[in-house]
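> Dropping a structure here in structure tokens format, bear with me for questions.
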Amino acid sequence: SSSSLPPPSGLPPDVGSLLDTIGGAGPTALALGGGAAAVPGGGTGDPTDTSSLQLQQQQQQQEEFDPIDFLNSNYQTEASLVSALPTLRSTIAQRIDTLDESISSTIQKQADLAEVTATDVARARSSILRLRSRVETVQSKARLSERAVLEITRDLKRLDFAKRHLSRTITALKRLHMLLHAVDRLHAAAYATDPFPDYGTCANLIDATRLLLGHFDGYMGSIQKMRDVRDAVGTVRLDLREGAVFGFRVVGLGFIKALEKSGGEVPRCGGKTKQLVGANSSEVEDAADADIADDEEEYDRYRSSGYVNATNDSYGAGGSSTAAAATAAGRKQQPTETPPPPMPKEVLSEACMVIDALGLPTRKEFVGTLCSDHLENYSDLFDPKKNTTLAGAAAISSAASGSATKSFKIAMPATSSHGGDGDGDGGGSGGGSNSNPASLDQIDRRYAWYRRNLRELDDKFRHVFPQNWNVYHEMTYRFLKMTADHLSSLLTPLRPYRDKDCDDVTILLKALQRTVLFEKEMTAWLQRECGTIFLDGSREAEEAARQAEEAAEIEIDDEKAAIAAAAAAAGTSSPTSGSAAAIGEDGAELEFDESGRAVAAGSAEGIRIKYERKMRETREGSERRGGASAELNVGGARHNRPIPAQPLIGVASATFDGFMGPYIALEEQNMDEQLVEFTSQRDVDTRGELPVLTSSTALFVYIKNSITRCTNLTKGQTFFQLFASFQDTLHKYAAVIEGMFPKANAAVAAASAAINLSAGIGIGAALTPASSNTGSSAGSTGPSYRIPPDEEVTICHVIDTCEYCADTVEALEDLIRDKIDEKYKDKIDMSGAQEAFHDVTAKGIKVLVSGLENRTDKAIRDMSTMKWGDIDSVGEESQYVRSVHEAIQPFVVTVRGLLPTSYFRNFCDKFAAAFTATFYNALIRQKRISESGTQQLLLDVYSLKTLLLKLPVLEEKTAGRKGAAGAKAHTSTGTKIAPAMYTKMVTKQFQRMEILLKLVGTPSELLIDMFKSQWEGGSALDLQVIMNLKGMKRNEQAAMLEKLGLDPSIAMKGAAHGATSSNITDHVQALQGKGSDVAAKVNSDMANIRAKVDTFRNAFR
């Protein structure tokens, strides 16, 4: 059916759309039956379908349709509505008929399709029921199949569980059997062997029991027997550790001291005592006396060396009267037993394997205990808190009273050399030196004591400790830490035990030097003898060492590669790659003899020491290789893996950093004394490219030597303080060489300023708000300097010296930054010292410019006194021009031969600017210049211009001329053409003078036109200066100013206040008088200030 008909003619467009809306909704809205035809509008039911959306919009329009609004909006008047109403009525009637026909046909078609649709729905329902029945049948059969499979596999699953539990039970029983067997073997190896436990077997069994016990951790809470086994293993482990500690103490300290540290009892694993079966009391006493005799023999050996006080000593190395008393007491308590023998080295090495098997914490505790035992006496001997002078006096008085009690104190020999190096502890200084062994001047005795103990320890435990334990390094590190604490106590102010010699620079430096050499000696010894690897001190290196140490506790195939990689990342070197040699103050390698004395490796004695060490290593090589092989075979590869260790350099010596004030003061005093000498020295070193003062080279040589001295001892805070002293000294030196310049003439400076100020007096601010700078110059505003004959050579030498110092300071800054510790590198900045020398250089250039200006002053004054208004003829150049040539040429030639090119060009620029400004000021100060006078001045200006243009390339006419200081003024081999910028500047300055003179010689009727054309940017002030030089009257000047375009009243006022020669002279004389008064006042005030400063200094002396 047609749902849309074209509206009749004459109807509004909205009427057609309305009819389309009404007609289009009719047929589709009636299709409400089943199936897809029931969807409104013929859509599929999808909300996004286009037809559905259109239908929804049509329904919304129908619901919102208002016929009254429609008619009002489409027909504005009743006449239009009445005229269109018949046509509208007929159109609506036709549309209604069409819709009725469409609805009727649609209903008929729907009735025909209803029966077919019902049949299709019934057929679909029956099919769904059949499908459901089939699905239920399949599900029931699947459940039956699953039930059958479960029945079939039930027995198999039961057997699988039984097998799994049985396997676990068998494994657990095997492990339990292995554990119990290992515990029995561990118990037997620990307690049943004679005289010492089988530590090698125990080490392997400890690892095995630890692994086996780990499998039974889940049973510990429920099974008492397992806890008993675990406790038994823990007891054996504890006994083995105590036995190993006791065995090492017996070998290292002696049985009596080991027994004291063990609480008076021998540990169960410390060795079996031997019972004298069938021995009578006399045999037992003989055996005990033999032990006492052995102990006393060892004690006598120490006393004979001069290091033990025979009157007051308790021998602490294994035997003494105390030991004898204790042995005698033991003889009364246990008359039928003897102490266990010391452990052989093989047993000690196996004991180390046990300590390693007990774990890293136990190993660290063992090494710490070993170090503490062997460093116990060090604190008693050298701690300032325990070893004071009063304590020593009390001990002596106690000995004099007849006390038989002995104490292990260092004997002070009656005659000894200060700071003597020896293997013993007696290195005291006689003749009133400090007798306290803990004092700074006795610091050699600390290191001699440690060397002797370290050699004894190495003799007793050679090839015993695994390499990765770093036992000797740990002991040395602890010794240096204790030494650092002692030194801090000696150096810290306001403490009762502060050393009286800590302000003595000699003793302080000697103590620091001995400490640094000892650190280098121990580092070289550990690298050479123990293969120790040292870290570079960074955090990355410490982290790598920690990872390597943890890796040493884990057994993996590539562990060696992992540790090597960690060491490489830490910046360490392999122990087989060679040890780093100790470096002395002069950069040469050092060798150390047995007493620790450092000698140059290249000297005869150094070669002898190195040869003896090589021969000793050759003799002991086979033994060492055998010991290393035994360690590798017995303890596994873990015992030979080197672990990077902390560096020793700076551990104790860094303590001095905060207390090196006396040393810094001494360096400052030496440099200040040199500066005092430099004030009167003007010797020149001509060996370099430029002549410089020898004082500068001497100062930098001293600074370099001071850096070498300091960096060989410390590169930390002390070096940074010394760097600050260098800066202060360089500032002082800059002031010293600045004092070589001639003194400024204050009166001349004031007069020059007055003259320059008078040149700017014109017709006033009313005429020229922004007047030109014709009366100012770069060289005339500062102080004035008069340079004596040939003194310009000294000034040039000072400038060259400043250039040399500025360049050397930059290199010095780089040197210090390379040598100083990392945390101070960012604070190194010597730009202040460079600026000080650059300031002196700038002042030197100003002095040269001012001095040369002063040498031309007489010629300028001669030119100013000439009556240029009376000259009626032109001749050759004036006499004052020849005087200027005679003053400038030799001065510039000398300066050119002594200054660097850049500084000489700067000098030429400044002098040219200053001279042209001075000469211009002299010109405009003239009363009147005649036409012939202007021609003569133009000739003179041309001659001066030629001279100044050749100024940068002036050469000495007579070869071989020498300066006053004996420095040859060399001729330049460079270009003979002046720089373009300089030529442009000089030409511009003289062009202004030439224009001025040409305008002065111009007839009055042409003056204004010539002034406007030639003087670009010229002001009324410039024109008035020209008219004054021409000698024009005031009314003529006013007329000229009015012709220039100035207001007549202002022009008359300006002419009345013109800068005539008379008032200029008056102003100059007045300002000169005031300048003299100011100079006198300044000199008086400076004298008063100097007197007050001298009084203030004397008050503090």
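Each chain in the structure tokens gets a letter, A, B, ..., in the order shown, and its residues are numbered from 1; ligands are numbered from 1 in order too.
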Quick one: residues within 6 Å of segment 835-849 of chain A, only C-alpha atoms, excluding same-chain residues fewer than 3 positions away - as a list in words?

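Listing them by chain and then by number gives Ala734, Tyr785, Ile799, Cys802, Gly832, Leu852, Phe907 and Phe911 of chain A.
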
> For Asp829 of chain A, list every protein, DNA or RNA residue within 10 Å, evaluated using only C-alpha atoms, and leave out those in the same chain fewer than 6 positions away; present the list as JSON, numbers by chain.

{"A": [723, 724, 727, 810, 813, 814, 816, 817]}

> My list of candidates is A:Tyr472, A:Met830, A:Asp441, A:Glu64. Which is closest to Cys502 of chain A when distances are computed with only C-alpha atoms?

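Looking only at the distances to Cys502 of chain A, the closest residue turns out to be A:Asp441.
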
> Nearest to Leu1029 of chain A: which of A:Gln834, A:Thr1002, A:Gln721, A:Asn377 is it, counting only C-alpha atoms?

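Using only C-alpha atoms, Leu1029 of chain A sits closest to A:Thr1002.
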
> Neighbouring residues of Pro384 of chain A were defined as those with any atom within 8 Å, considering only C-alpha atoms; residues of the same chain fewer than 2 positions away were excluded. Please report them as a ChimeraX atom specification.

/A:382,386-388,438-439,486,489-490,497

> Only N, CA, C and O atoms, please: the residues just picked out, written as a JSON list (two decimals), in the first residue's frame.


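The result, written out as again.json:
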```
[["chain", "number", "residue", "atom", "x", "y", "z"],
["A", 382, "PHE", "N", 99.26, -0.42, 75.76],
["A", 382, "PHE", "CA", 99.33, 0.82, 75.00],
["A", 382, "PHE", "C", 98.06, 1.67, 75.05],
["A", 382, "PHE", "O", 98.01, 2.69, 74.38],
["A", 386, "LYS", "N", 94.86, 3.31, 80.30],
["A", 386, "LYS", "CA", 95.43, 2.37, 81.27],
["A", 386, "LYS", "C", 96.91, 2.59, 81.47],
["A", 386, "LYS", "O", 97.47, 2.14, 82.47],
["A", 387, "ASN", "N", 97.57, 3.23, 80.53],
["A", 387, "ASN", "CA", 99.01, 3.44, 80.60],
["A", 387, "ASN", "C", 99.31, 4.92, 80.68],
["A", 387, "ASN", "O", 99.56, 5.59, 79.69],
["A", 388, "THR", "N", 99.21, 5.49, 81.84],
["A", 388, "THR", "CA", 99.57, 6.88, 82.06],
["A", 388, "THR", "C", 100.90, 6.95, 82.79],
["A", 388, "THR", "O", 101.40, 5.96, 83.33],
["A", 438, "ALA", "N", 102.40, 4.47, 75.70],
["A", 438, "ALA", "CA", 101.23, 4.78, 74.88],
["A", 438, "ALA", "C", 101.31, 6.13, 74.21],
["A", 438, "ALA", "O", 100.39, 6.53, 73.50],
["A", 439, "SER", "N", 102.38, 6.89, 74.40],
["A", 439, "SER", "CA", 102.48, 8.24, 73.86],
["A", 439, "SER", "C", 102.79, 8.21, 72.38],
["A", 439, "SER", "O", 103.15, 7.18, 71.80],
["A", 486, "HIS", "N", 93.07, 4.46, 70.32],
["A", 486, "HIS", "CA", 94.10, 4.99, 71.22],
["A", 486, "HIS", "C", 94.60, 6.35, 70.74],
["A", 486, "HIS", "O", 94.77, 7.27, 71.54],
["A", 489, "SER", "N", 92.19, 9.07, 71.48],
["A", 489, "SER", "CA", 92.26, 9.49, 72.89],
["A", 489, "SER", "C", 93.47, 10.37, 73.14],
["A", 489, "SER", "O", 93.40, 11.32, 73.94],
["A", 490, "LEU", "N", 94.59, 10.08, 72.45],
["A", 490, "LEU", "CA", 95.79, 10.88, 72.66],
["A", 490, "LEU", "C", 95.68, 12.27, 72.03],
["A", 490, "LEU", "O", 96.30, 13.22, 72.52],
["A", 497, "TYR", "N", 93.99, 12.26, 79.48],
["A", 497, "TYR", "CA", 95.11, 11.46, 78.97],
["A", 497, "TYR", "C", 95.56, 11.95, 77.59],
["A", 497, "TYR", "O", 96.13, 11.19, 76.82]]
```

> Figure out the distance between atom CA of Met985 of chain A and atom CA of Leu947 of chain A, please, to one decimal in Å.

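That distance, rounded to one decimal, is 14.0 Å.
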
> For a quick check of understanding, using only C-alpha atoms, which of A:Thr655, A:Thr338, A:Gln224, A:Gln889 has the smallest distance to Lys950 of chain A?

A:Gln889

> Quick one: pull the distance between atom CA of Ser653 of chain A and atom CA of Thr515 of chain A, Å, one decimal.

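Distance between the two atoms: 5.8 Å.
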
> Rounded to one decimal place, report the atom CA of Ser372 of chain A-atom CA of Phe246 of chain A distance in Å.

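Atom-to-atom, atom CA of Ser372 of chain A to atom CA of Phe246 of chain A, that is 13.8 Å.
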